[in-house]
Amino acid sequence: MYGVWTPEQVGAAEEPVLARTPEGALMRRAAHGVAQVALAELRRRTGGVAGRRVVVLVGAGNNGGDGLWAGDELRRRGVAVTAVLLSPDRAHPAGLAALRKQRGRIVTDVEHGVVAVDHADLVLDAIVGTGARGGLRPEAATLVDAARTTDVPILAVDTPSGVDPLTGVPGEHHVRAAATVTFGARKPVHVLAAPLCGPVTLIDIGLGPELPPAPVDVLDAADVGARWPVPGPGDDKYSQGVVGIAAGSRTYPGAAVLASGAAALSTSGMVRYAGSAADEVRAAWPEIVATDTVGEAGRVQAWVVGPGLGTDDAGAQTLADVLDTGLPVLADADAVTLLGQHAGLREKAAGAPVLITPHAGEFARVAELTDDRVDSARRAAADLGVTLLLKGNATVVAAPDGRVLVHPAGSAWLATAGSGDVLSGVAGALLAAGLEPWWAGGCAAFVHARAADIGAGADIGPGSPVPASHVQAALSTAIRQVREARG
Ligand SMILES: NC(=O)C1=CN([C@@H]2O[C@H](COP(=O)(O)OP(=O)(O)OC[C@H]3O[C@@H](n4cnc5c(N)ncnc54)[C@H](OP(=O)(O)O)[C@@H]3O)[C@@H](O)[C@H]2O)[C@@H](O)CC1
Ligand SMILES: Nc1ncnc2c1ncn2[C@@H]1O[C@H](COP(=O)(O)OP(=O)(O)O)[C@@H](O)[C@H]1O
Ligand SMILES: [K+]
């Protein structure tokens, strides 16, 4: 597990470190990290460094200072460095003097900057970092667009310019980095907009002791593998936690098959299905015990309710029935919509071990969703008194006590119909096995995204579209992989 800190928290942690270190030392350390990664990128992409062309886009703040000092170091290694100053009068004075001394080329107009970008082997984006406010200004936007048009690789300094460091929301013009070098701590943008950052290298600048507890956690494979429920010698089919699935309908039997099958693949105990798609579930998964109603289902240790359920009175009654059991409940899809429609159902859910899993549209039915997805999820979880998993390329899981984790999917192959049904089955199985909702949501999101990459072949190559039933089929491999990763 690793932490993510807000730009504000990182800024506050920097202050005491700046106060006890020689002036400029922190920036030099940061810039050294940038230069090292830039040299590695040049070697990897062009086979060498001497004579290679690097263009540094330099903003007026300390982010620009990082870029200038990195340019100085690259010059010393024989790289042809051009710095494009976006605010020539305000460029970091010491960094600029250092680069001039190394006979770096300095350009102060956008036209020449665009020509330099066109001929670059690598661009360093040092336009703006944690001090970003609003969308990129016109000159910066022109240069960023030029880099995108020529398809030159961009190494982002701290954060990709034009992407909000706190929310990860990209402005109209923004950098899409091939890689990012960040300092002191990872920031939300690195996990909320991971595809715009590329692989992120973290440079230690000594902030560790000054940082507060991380407001956002990111799970790794070992965290998930260590918690995945597996049977022990004394277990039987009941003792591992039986999961009940109340999903699907005559119109949407597929949701029931996808959720139930995913649950069966996620734990080795037992899955019960209750609903009007019992025939379809039995046909696809003979090991699942299927009945027509929740009342007939027999004992379970957690319920999944909602996928393909319908939002009519019968759906509302089913949701009420499972909430009344007091067992852990995973409420997805139509169950989220029903929670939005009925205050009485929200009351039943509040304070109970409930995990709700809305996509953005469903989220808006239960709470306000702003650009700040982490803050929105945290507030909604606290207000509703449930754990909330907000779906998307970066999944956000928020507990009512304020804990938040983000899982960056890595690819977008999950953007396919029915994949959410698979997630609900996985998370429900984990709830039944006794994981608390926050961990169940986080572990399920991790394995789900891994299964999509395996199903798409994105783990071994560029990948190809993967239907939800193949995501479901890849769950076993994904679970084996996380179990192999446990410490
Ligand atoms: N502190 C430290 O010890 C360390 C800090 N470090 C580095 O400092 C960075 C933070 O530096 P920072 O605070 O100077 O802010 P920064 O990101 O350069 O941005 C401010 C400048 O950008 C401009 N600007 C703003 N918005 C803009 C936009 N949309 N489009 C275009 N321009 C925009 C804004 O202009 P203004 O509004 O003033 O006109 C101002 O000039 C941090 O990310 C890390 O890289 C490392 O060296 C490690 C040690
Ligand atoms: N662009 C994307 N990148 C990665 N994952 C995505 C993307 N879009 C959606 N997902 C994931 O795919 C799943 C879709 O769930 P959902 O919207 O409920 O679909 P359905 O209702 O069709 O099953 C969620 O797990 C979500 O996080
Ligand atoms: K930047």
# chains A, B, ... in the order shown; residues from 1 in each chain; ligands from 1

$ closest_atom_pairs --of "chain A" --to "ligand 1" --cutoff "6 Å" --atoms "only C-alpha atoms and all ligand atoms" --output "Markdown table"
| residue | atom | partner | partner_atom_place_in_ligand_line | distance |
| --- | --- | --- | --- | --- |
| A:Glu14 | CA | ligand 1 | 3 (O) | 5.5 |
| A:Leu18 | CA | ligand 1 | 3 (O) | 5.9 |
| A:Leu26 | CA | ligand 1 | 49 (C) | 4.9 |
| A:Met27 | CA | ligand 1 | 47 (O) | 3.7 |
| A:Ala30 | CA | ligand 1 | 47 (O) | 5.4 |
| A:Gly59 | CA | ligand 1 | 22 (O) | 5.6 |
| A:Ala60 | CA | ligand 1 | 41 (O) | 3.6 |
| A:Gly61 | CA | ligand 1 | 18 (O) | 3.3 |
| A:Asn62 | CA | ligand 1 | 14 (O) | 3.8 |
| A:Asn63 | CA | ligand 1 | 45 (O) | 3.6 |
| A:Gly64 | CA | ligand 1 | 18 (O) | 5.7 |
| A:Asp66 | CA | ligand 1 | 47 (O) | 5.2 |
| A:Val128 | CA | ligand 1 | 17 (O) | 4.0 |
| A:Gly129 | CA | ligand 1 | 17 (O) | 3.1 |
| A:Thr130 | CA | ligand 1 | 43 (O) | 4.0 |
| A:Gly131 | CA | ligand 1 | 15 (O) | 3.4 |
| A:Ala132 | CA | ligand 1 | 26 (N) | 3.7 |
| A:Arg133 | CA | ligand 1 | 26 (N) | 3.9 |
| A:Gly134 | CA | ligand 1 | 29 (N) | 4.7 |
| A:Gly135 | CA | ligand 1 | 29 (N) | 4.4 |
| A:Leu136 | CA | ligand 1 | 30 (N) | 3.6 |
| A:Arg137 | CA | ligand 1 | 30 (N) | 4.5 |
| A:Val157 | CA | ligand 1 | 45 (O) | 5.9 |
| A:Asp158 | CA | ligand 1 | 45 (O) | 5.0 |
| A:Phe183 | CA | ligand 1 | 48 (C) | 6.0 |

$ write_last_selection --atoms "N, CA and C atoms" --output "CSV table (one decimal), in the first residue's frame"
chain,number,residue,atom,x,y,z
A,14,GLU,N,6.9,20.6,2.9
A,14,GLU,CA,8.2,21.1,2.4
A,14,GLU,C,8.8,22.2,3.3
A,18,LEU,N,12.6,22.8,3.9
A,18,LEU,CA,13.3,23.9,3.2
A,18,LEU,C,14.1,24.7,4.3
A,26,LEU,N,16.8,21.5,-2.1
A,26,LEU,CA,15.7,20.6,-2.4
A,26,LEU,C,15.4,20.6,-3.9
A,27,MET,N,15.4,21.8,-4.5
A,27,MET,CA,15.1,21.8,-5.9
A,27,MET,C,16.2,21.1,-6.7
A,30,ALA,N,15.5,17.5,-6.6
A,30,ALA,CA,14.4,17.2,-7.5
A,30,ALA,C,14.8,17.2,-8.9
A,59,GLY,N,7.9,27.2,-17.0
A,59,GLY,CA,7.0,28.2,-16.4
A,59,GLY,C,7.6,29.1,-15.5
A,60,ALA,N,6.9,30.0,-14.9
A,60,ALA,CA,7.4,31.1,-14.0
A,60,ALA,C,7.7,30.7,-12.6
A,61,GLY,N,7.3,29.5,-12.2
A,61,GLY,CA,7.4,29.1,-10.8
A,61,GLY,C,8.5,28.2,-10.5
A,62,ASN,N,8.4,27.5,-9.4
A,62,ASN,CA,9.5,26.5,-9.0
A,62,ASN,C,9.5,25.3,-9.9
A,63,ASN,N,8.3,25.0,-10.5
A,63,ASN,CA,8.3,23.9,-11.4
A,63,ASN,C,9.3,24.2,-12.6
A,64,GLY,N,9.2,25.4,-13.1
A,64,GLY,CA,10.1,25.8,-14.1
A,64,GLY,C,11.6,25.8,-13.6
A,66,ASP,N,12.8,23.6,-11.5
A,66,ASP,CA,13.2,22.2,-11.6
A,66,ASP,C,13.7,21.9,-13.0
A,128,VAL,N,4.1,24.0,-15.2
A,128,VAL,CA,3.5,24.3,-13.9
A,128,VAL,C,3.3,22.9,-13.2
A,129,GLY,N,3.4,23.0,-11.9
A,129,GLY,CA,3.3,21.8,-11.1
A,129,GLY,C,2.2,22.0,-10.1
A,130,THR,N,2.5,21.9,-8.8
A,130,THR,CA,1.5,22.0,-7.8
A,130,THR,C,0.9,23.4,-7.6
A,131,GLY,N,1.5,24.4,-8.2
A,131,GLY,CA,1.0,25.7,-8.1
A,131,GLY,C,0.0,26.0,-9.2
A,132,ALA,N,-0.5,25.0,-10.0
A,132,ALA,CA,-1.4,25.3,-11.1
A,132,ALA,C,-2.7,25.8,-10.7
A,133,ARG,N,-3.1,26.8,-11.4
A,133,ARG,CA,-4.5,27.4,-11.2
A,133,ARG,C,-5.2,27.5,-12.5
A,134,GLY,N,-6.3,26.8,-12.7
A,134,GLY,CA,-7.1,26.9,-13.9
A,134,GLY,C,-6.5,26.3,-15.1
A,135,GLY,N,-7.0,26.6,-16.2
A,135,GLY,CA,-6.5,25.9,-17.5
A,135,GLY,C,-5.2,26.5,-17.9
A,136,LEU,N,-4.5,25.8,-18.8
A,136,LEU,CA,-3.2,26.3,-19.3
A,136,LEU,C,-3.4,27.7,-20.0
A,137,ARG,N,-2.5,28.6,-19.9
A,137,ARG,CA,-2.6,29.9,-20.6
A,137,ARG,C,-2.2,29.7,-22.0
A,157,VAL,N,7.4,17.1,-15.3
A,157,VAL,CA,8.1,17.4,-14.0
A,157,VAL,C,7.0,17.6,-12.9
A,158,ASP,N,7.0,16.7,-12.0
A,158,ASP,CA,6.0,16.7,-10.9
A,158,ASP,C,4.6,16.3,-11.3
A,183,PHE,N,8.1,14.5,-6.7
A,183,PHE,CA,9.0,14.7,-5.6
A,183,PHE,C,8.3,14.7,-4.2

$ residues_around --residues "region 117-122 of chain A" --least-positions-apart "4" --cutoff "8 Å" --atoms "only C-alpha atoms" --output "PyMOL selection string"
chain A and resi 38+42+46+52-55+113+143+146-147+150+152-155

$ write_last_selection --atoms "C-alpha atoms" --output "compact mmCIF listing (two decimals), in the first residue's frame"
# COMPACT_ATOMS: atom_id res chain seq x y z
CA ALA A 38 15.35 12.01 -18.79
CA LEU A 42 16.81 9.21 -24.07
CA THR A 46 17.39 6.88 -29.05
CA ARG A 52 20.20 14.32 -28.37
CA ARG A 53 17.74 17.22 -28.33
CA VAL A 54 15.75 18.02 -25.22
CA VAL A 55 13.35 20.95 -25.02
CA GLY A 113 9.53 27.18 -29.17
CA LEU A 143 3.41 24.47 -27.01
CA ALA A 146 2.54 21.26 -30.73
CA ALA A 147 4.12 18.48 -28.69
CA THR A 150 4.44 15.86 -33.34
CA VAL A 152 7.28 13.74 -29.16
CA PRO A 153 7.53 11.97 -25.78
CA ILE A 154 6.98 14.26 -22.80
CA LEU A 155 8.49 13.81 -19.37

$ residues_around --residues "region 407-414 of chain A" --least-positions-apart "3" --cutoff "10 Å" --atoms "only C-alpha atoms" --output "count of residues only"
45

$ closest_residue --among "A:Trp285, A:Trp303, A:Tyr252, A:Trp438" --to "ligand 2" --atoms "only C-alpha atoms and all ligand atoms"
A:Tyr252

$ closest_residue --among "A:Gly344, A:Pro170, A:Gly361, A:Gly71" --to "ligand 2" --atoms "only C-alpha atoms and all ligand atoms"
A:Gly361

$ residues_around --residues "Ala399 (chain A)" --least-positions-apart "2" --cutoff "10 Å" --atoms "only C-alpha atoms" --output "PyMOL selection string"
chain A and resi 354-355+377-382+385-389+397+401-405+436-439+441

$ select_by_dssp --residues "region 242-390 of chain A" --states "helix (DSSP H, G or I)" --output "number ranges by chain"
A: 253-266, 278-284, 313-324, 334-341, 343-349, 360-366, 373-384

$ residues_around --residues "Val84 (chain A)" --least-positions-apart "3" --cutoff "7 Å" --atoms "only C-alpha atoms" --output "ChimeraX atom specification"
/A:56-58,106-108,113

$ write_last_selection --atoms "N, CA and C atoms" --output "PDB file, in the first residue's frame"
ATOM      1  N   VAL A  56      12.994  22.045 -22.892  1.00  0.00           N
ATOM      2  CA  VAL A  56      12.381  22.222 -21.578  1.00  0.00           C
ATOM      3  C   VAL A  56      11.374  23.373 -21.672  1.00  0.00           C
ATOM      4  N   LEU A  57      10.122  23.070 -21.395  1.00  0.00           N
ATOM      5  CA  LEU A  57       9.093  24.119 -21.370  1.00  0.00           C
ATOM      6  C   LEU A  57       9.065  24.667 -19.949  1.00  0.00           C
ATOM      7  N   VAL A  58       9.396  25.954 -19.794  1.00  0.00           N
ATOM      8  CA  VAL A  58       9.696  26.506 -18.471  1.00  0.00           C
ATOM      9  C   VAL A  58       8.658  27.543 -18.052  1.00  0.00           C
ATOM     10  N   ILE A 106      18.403  29.391 -25.147  1.00  0.00           N
ATOM     11  CA  ILE A 106      17.224  29.968 -24.490  1.00  0.00           C
ATOM     12  C   ILE A 106      16.336  30.605 -25.554  1.00  0.00           C
ATOM     13  N   VAL A 107      15.073  30.235 -25.519  1.00  0.00           N
ATOM     14  CA  VAL A 107      14.113  30.750 -26.495  1.00  0.00           C
ATOM     15  C   VAL A 107      13.004  31.449 -25.727  1.00  0.00           C
ATOM     16  N   THR A 108      12.598  32.622 -26.197  1.00  0.00           N
ATOM     17  CA  THR A 108      11.583  33.344 -25.415  1.00  0.00           C
ATOM     18  C   THR A 108      10.309  33.610 -26.212  1.00  0.00           C
ATOM     19  N   GLY A 113       9.758  28.307 -30.080  1.00  0.00           N
ATOM     20  CA  GLY A 113       9.533  27.184 -29.174  1.00  0.00           C
ATOM     21  C   GLY A 113       8.869  26.021 -29.896  1.00  0.00           C
TER      22      GLY A 113
END

$ atom_distance --atom1 "CA of Gly51 (chain A)" --atom2 "CA of Val200 (chain A)"
26.0 Å

$ residues_around --residues "Asp145 (chain A)" --least-positions-apart "3" --cutoff "9 Å" --atoms "only C-alpha atoms" --output "ChimeraX atom specification"
/A:140-142,148-150,173-175

$ closest_residue --among "A:Leu124, A:Ala91, A:Val304, A:Ala116" --to "Ala31 (chain A)" --atoms "only C-alpha atoms"
A:Leu124

$ closest_residue --among "A:Leu435, A:Leu96, A:Val243, A:Ala214" --to "Ala262 (chain A)" --atoms "only C-alpha atoms"
A:Val243

$ closest_residue --among "A:Glu15, A:Glu172, A:Asp334, A:Glu280" --to "ligand 2" --atoms "only C-alpha atoms and all ligand atoms"
A:Asp334

$ residues_around --residues "region 274-279 of chain A" --least-positions-apart "2" --cutoff "6 Å" --atoms "only C-alpha atoms" --output "ChimeraX atom specification"
/A:246,248-249,253,281-282,290-294,297

$ closest_residue --among "A:Val189, A:Ala343, A:Val181, A:Ala222" --to "Val482 (chain A)" --atoms "only C-alpha atoms"
A:Ala222

$ select_by_dssp --residues "region 191-429 of chain A" --states "strand (DSSP E)" --output "ChimeraX atom specification"
/A:200-203,216-218,242-246,270-274,289-291,302-305,329-332,354-357,387-390,394-398,404-408

$ atom_distance --atom1 "CA of Val110 (chain A)" --atom2 "CA of Leu85 (chain A)"
8.6 Å
